[in-house]
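Source file entry_23.txt; content: compact mmCIF, C-alpha atoms.
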# COMPACT_ATOMS: atom_id res chain seq x y z
CA MET A 193 108.63 58.86 108.96
CA LYS A 194 107.27 56.74 106.11
CA ILE A 195 106.22 58.66 102.99
CA ILE A 196 104.26 57.90 99.81
CA ILE A 197 104.74 60.13 96.75
CA ALA A 198 101.83 60.70 94.33
CA ASP A 199 102.75 62.39 91.05
CA ASP A 200 102.07 61.54 87.42
CA HIS A 201 105.66 62.29 86.36
CA ALA A 202 108.17 59.50 86.99
CA LEU A 203 111.09 61.96 86.99
CA VAL A 204 109.47 63.95 89.81
CA ARG A 205 108.79 60.81 91.84
CA ASN A 206 112.35 59.59 91.36
CA ALA A 207 113.93 62.95 92.27
CA LEU A 208 111.80 63.28 95.41
CA THR A 209 112.53 59.69 96.41
CA PHE A 210 116.27 60.25 96.10
CA MET A 211 116.14 63.46 98.17
CA LEU A 212 113.85 62.13 100.91
CA ASN A 213 115.66 58.83 101.31
CA ALA A 214 118.86 60.79 101.90
CA GLN A 215 117.30 62.23 105.08
CA PRO A 216 117.94 60.28 108.31
CA ASP A 217 114.34 60.64 109.45
CA MET A 218 112.52 59.92 106.17
CA GLU A 219 111.82 56.83 104.06
CA VAL A 220 109.81 56.62 100.84
CA VAL A 221 107.75 53.43 101.09
CA GLY A 222 105.80 53.79 97.85
CA ASP A 223 104.84 55.96 94.92
CA ALA A 224 101.84 56.30 92.62
CA ALA A 225 100.98 57.96 89.32
CA ASP A 226 97.40 58.91 90.15
CA GLY A 227 95.12 59.54 93.07
CA ASN A 228 93.20 56.30 93.02
CA GLU A 229 96.45 54.32 92.92
CA VAL A 230 97.85 56.04 96.00
CA PHE A 231 94.60 55.56 97.90
CA MET A 232 94.60 51.85 97.14
CA LYS A 233 98.30 51.62 98.02
CA LEU A 234 97.54 52.97 101.48
CA GLU A 235 95.41 49.90 102.09
CA ASN A 236 98.53 47.70 101.88
CA THR A 237 101.36 50.03 102.93
CA GLN A 238 102.08 51.58 106.31
CA ALA A 239 102.66 55.28 105.75
CA ASP A 240 102.67 58.40 107.89
CA LEU A 241 102.51 61.04 105.18
CA VAL A 242 101.59 61.48 101.52
CA LEU A 243 103.06 64.06 99.15
CA MET A 244 100.15 64.67 96.78
CA ASP A 245 100.19 66.31 93.38
CA ILE A 246 96.90 67.94 92.33
CA SER A 247 96.72 67.30 88.58
CA MET A 248 97.45 63.71 87.55
CA PRO A 249 95.67 63.15 84.24
CA PRO A 250 94.08 60.95 83.23
CA GLY A 251 92.95 59.90 86.67
CA GLU A 252 91.53 60.84 90.00
CA ASN A 253 92.31 64.41 91.05
CA GLY A 254 94.71 64.70 93.98
CA LEU A 255 92.36 66.95 95.94
CA HIS A 256 89.61 64.34 95.71
CA THR A 257 92.05 61.67 96.87
CA THR A 258 93.14 63.89 99.75
CA ARG A 259 89.55 64.21 100.90
CA ARG A 260 89.08 60.44 100.74
CA ILE A 261 92.28 59.81 102.67
CA LYS A 262 91.34 62.24 105.43
CA GLU A 263 87.90 60.66 105.70
CA THR A 264 89.15 57.08 105.96
CA HIS A 265 92.70 57.49 107.33
CA PRO A 266 92.61 60.72 109.37
CA GLU A 267 95.88 59.83 111.07
CA ILE A 268 97.79 60.05 107.77
CA LYS A 269 99.22 63.49 106.94
CA VAL A 270 98.75 64.85 103.43
CA ILE A 271 100.83 67.63 101.88
CA VAL A 272 99.72 69.01 98.54
CA LEU A 273 102.84 69.55 96.42
CA THR A 274 101.88 71.43 93.28
CA MET A 275 102.85 73.98 90.65
CA HIS A 276 99.49 75.76 91.07
CA ASP A 277 99.92 78.91 93.18
CA GLU A 278 96.41 80.38 92.82
CA GLU A 279 94.57 81.01 96.08
CA SER A 280 91.62 78.97 94.80
CA TYR A 281 93.79 75.84 94.97
CA VAL A 282 94.87 76.69 98.51
CA ARG A 283 91.22 77.02 99.49
CA GLU A 284 90.36 73.70 97.88
CA ALA A 285 93.29 72.01 99.64
CA LEU A 286 91.99 73.33 102.93
CA ASN A 287 88.50 72.11 102.08
CA ALA A 288 89.89 68.67 101.33
CA GLY A 289 91.62 68.54 104.72
CA ALA A 290 95.23 68.78 103.51
CA ASP A 291 97.72 69.34 106.31
CA GLY A 292 100.12 71.25 104.07
CA PHE A 293 100.44 73.07 100.76
CA ILE A 294 103.86 73.58 99.16
CA LEU A 295 104.79 74.75 95.67
CA LYS A 296 107.05 72.61 93.50
CA SER A 297 109.12 75.72 92.78
CA THR A 298 110.22 75.92 96.41
CA THR A 299 113.69 75.01 97.65
CA ASP A 300 114.59 71.58 99.01
CA ASP A 301 115.14 73.03 102.49
CA ILE A 302 111.66 74.57 102.60
CA LEU A 303 110.07 71.33 101.43
CA LEU A 304 111.92 69.27 104.03
CA ASP A 305 111.06 71.78 106.76
CA GLY A 306 107.40 71.69 105.73
CA ILE A 307 107.32 67.89 105.81
CA ARG A 308 108.82 67.81 109.28
CA GLN A 309 106.42 70.46 110.59
CA VAL A 310 103.38 68.60 109.25
CA TYR A 311 104.67 65.33 110.69
CA ALA A 312 104.91 67.15 114.04
CA ASN A 313 101.15 67.91 113.82
CA GLN A 314 101.51 71.48 112.58
CA ARG A 315 99.69 72.92 109.57
CA TYR A 316 102.12 74.16 106.94
CA TYR A 317 100.83 76.24 104.03
CA SER A 318 103.80 78.02 102.49
CA GLY A 319 103.23 81.78 102.36
CA TYR A 320 100.01 81.74 104.41
CA THR A 321 99.57 82.62 108.07
CA ASN A 322 97.28 80.56 110.28
CA ASP A 323 94.96 83.56 110.65
CA ARG A 324 94.59 83.81 106.88
CA LEU A 325 93.99 80.08 106.59
CA ASP A 326 91.30 80.24 109.26
CA GLU A 327 89.55 82.96 107.26
CA MET A 328 89.64 80.81 104.13
CA ASP A 329 88.58 77.56 105.77
CA THR A 330 84.82 78.02 105.57
CA PHE A 331 83.80 75.08 103.39
CA GLU A 332 80.60 73.34 104.53
CA GLY A 333 80.87 70.41 102.16
CA ASP A 334 78.75 68.93 99.42
CA SER A 335 75.90 67.07 101.11
CA LEU A 336 75.28 64.95 98.01
CA TYR A 337 78.89 63.79 97.82
CA ALA A 338 78.99 63.29 101.59
CA SER A 339 76.11 60.82 101.26
CA LEU A 340 78.24 58.42 99.20
CA SER A 341 79.78 55.39 100.87
CA LYS A 342 83.53 54.79 100.90
CA ARG A 343 83.27 52.30 98.02
CA GLU A 344 80.97 54.58 96.02
CA LYS A 345 83.59 57.33 96.28
CA GLU A 346 86.11 54.90 94.82
CA VAL A 347 83.80 53.93 91.97
CA LEU A 348 82.69 57.46 91.05
CA PRO A 349 85.92 58.80 89.48
CA LEU A 350 86.45 55.54 87.58
CA VAL A 351 82.98 55.84 86.06
CA ALA A 352 83.63 59.48 85.18
CA LEU A 353 86.88 58.47 83.46
CA GLY A 354 84.95 56.09 81.22
CA TYR A 355 86.00 52.71 82.62
CA ASN A 356 83.48 49.95 81.95
CA ASN A 357 82.00 47.77 84.68
CA ARG A 358 84.47 44.93 84.18
CA ASP A 359 87.48 47.27 84.33
CA ILE A 360 86.18 48.87 87.52
CA ALA A 361 85.52 45.46 89.06
CA GLU A 362 89.09 44.35 88.33
CA LYS A 363 90.62 47.55 89.69
CA LEU A 364 88.67 47.42 92.94
CA PHE A 365 88.60 43.61 93.31
CA ILE A 366 84.81 43.43 93.41
CA SER A 367 82.21 41.75 91.19
CA VAL A 368 80.65 43.34 88.10
CA LYS A 369 77.24 43.09 89.74
CA THR A 370 78.52 45.00 92.76
CA VAL A 371 79.82 47.72 90.44
CA GLU A 372 76.38 47.99 88.85
CA VAL A 373 74.78 48.38 92.28
CA HIS A 374 77.28 51.09 93.26
CA LYS A 375 76.69 52.98 89.99
CA ALA A 376 72.93 52.92 90.55
CA ASN A 377 73.39 54.22 94.10
CA ILE A 378 75.75 56.97 92.90
CA ARG A 379 73.28 58.20 90.29
CA LYS A 380 70.50 58.23 92.86
CA LYS A 381 72.47 59.97 95.60
CA LEU A 382 74.03 62.59 93.29
CA GLU A 383 70.69 63.12 91.54
CA VAL A 384 72.11 62.59 88.06
CA ASP A 385 70.37 60.72 85.23
CA SER A 386 73.11 60.27 82.63
CA TYR A 387 76.83 59.76 82.19
CA ALA A 388 77.09 63.33 80.85
CA ASP A 389 75.57 64.69 84.07
CA LEU A 390 77.91 62.55 86.15
CA LEU A 391 80.91 63.73 84.14
CA ARG A 392 79.90 67.39 84.59
CA TYR A 393 79.51 66.84 88.34
CA SER A 394 82.93 65.18 88.57
CA MET A 395 84.67 67.93 86.62
CA LYS A 396 82.90 70.72 88.51
CA ASN A 397 83.99 69.22 91.83
CA HIS A 398 87.55 68.44 90.66
CA LEU A 399 87.20 64.69 91.15
CA VAL A 400 89.08 63.74 87.96
CA ASP A 401 91.71 65.13 85.60
CA PHE A 402 91.83 64.61 81.82
How would this structure read if it were set down as structure tokens?
Amino acid sequence: MKIIIADDHALVRNALTFMLNAQPDMEVVGDAADGNEVFMKLENTQADLVLMDISMPPGENGLHTTRRIKETHPEIKVIVLTMHDEESYVREALNAGADGFILKSTTDDILLDGIRQVYANQRYYSGYTNDRLDEMDTFEGDSLYASLSKREKEVLPLVALGYNNRDIAEKLFISVKTVEVHKANIRKKLEVDSYADLLRYSMKNHLVDF
């Protein structure tokens, strides 16, 4: 299987790459330091599975990226690999459509087993039974966010992080005028009037990390 690793720490990415590449059935085909980077990398890299950290400041939150991946590339498996063990994060991972949830404190054998189970189309949330996960998986979604287009969902976290129009245009390979149109549509669809309102919305919905 072909794997992409998303984590803001180079040491973590390197250690995971070394371990996974030592497996006969695994190959790391890319890595990224933030959510937006891994999403864009998927456009140019064939991958079966993404190991996704949650907090990757400053940048797009891994849960937001997971949701975008599952919306646009539903065939790609996503495992949240995090140090956060609170149930609220498990619930959010479920809401985002993650196929797995594994703590960074786990053993190598458990991580490898979880990756193989998810690749085999099984849901793997370490420490949680399927019955418990079914009870938790009750998210109905944010209708305002759901109204955004694919490109608007790419622009939103970059705006929240304070990038100017030219920076956003260069990152997404679009024109400045197109960025301005997307920003206007985002404000209208999310019913926000100012950057401060947009920032509060993004932080409340865990779209970015600082």
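Considering the residues A:Tyr337, A:Tyr387, A:Tyr317, A:Phe293 and counting all atoms listed in the file, Ile246 in chain A has its shortest atom-to-atom contact with A:Phe293.
Between CA of Leu255 in chain A and CA of Val400 in chain A the interatomic distance comes to 9.2 Å.
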As a tab-separated table (two decimals) with C-alpha atoms, in the frame of the given file, please: the residues near range 376-382 of chain A (cut-off 8 Å, only C-alpha atoms, same-chain neighbours under 2 positions excluded).
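This is the output file out-v6.tsv:
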chain	number	residue	atom	x	y	z
A	336	LEU	CA	75.28	64.95	98.01
A	337	TYR	CA	78.89	63.79	97.82
A	339	SER	CA	76.11	60.82	101.26
A	340	LEU	CA	78.24	58.42	99.20
A	344	GLU	CA	80.97	54.58	96.02
A	348	LEU	CA	82.69	57.46	91.05
A	372	GLU	CA	76.38	47.99	88.85
A	373	VAL	CA	74.78	48.38	92.28
A	374	HIS	CA	77.28	51.09	93.26
A	384	VAL	CA	72.11	62.59	88.06
A	385	ASP	CA	70.37	60.72	85.23
A	386	SER	CA	73.11	60.27	82.63
A	390	LEU	CA	77.91	62.55	86.15
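Distance-wise, CA of Asp323 in chain A and CA of Leu399 in chain A end up 28.2 Å apart.
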Fill in: Distance in Å - CA of Ile261 in chain A versus CA of Gly306 in chain A
19.5 Å
Worksheet item: Between A:Glu235, A:Asp245, A:Glu279, A:Asp217, which has the minimum distance to Asp199 in chain A (counting all atoms listed in the file)?
Response: A:Asp245
Worksheet item: In terms of the shortest atom-to-atom distance over all atoms listed in the file, which of A:Lys363, A:Tyr320, A:Gly254, A:Asp301 is closest to Met211 in chain A?
Response: A:Asp301
Discussion item. Which residues are near Asn228 in chain A? Cut-off 12 Å, all atoms listed in the file, ignore same chain within fewer than 6 positions. Put them as a PyMOL selection string.
Written reply: chain A and resi 198-200+234-235+244+248-261+343+345-350+353+360+363-364+399-401
Enclose the full set of atoms of range 212-226 of chain A listed in the file within a box whose edges lie along x, y and z, apply 6 Å of padding to each of the six sides, and report centre and edge lengths in Å to one decimal as AutoDock Vina command-line options.
--center_x 108.1 --center_y 57.8 --center_z 99.4 --size_x 33.5 --size_y 20.8 --size_z 32.1
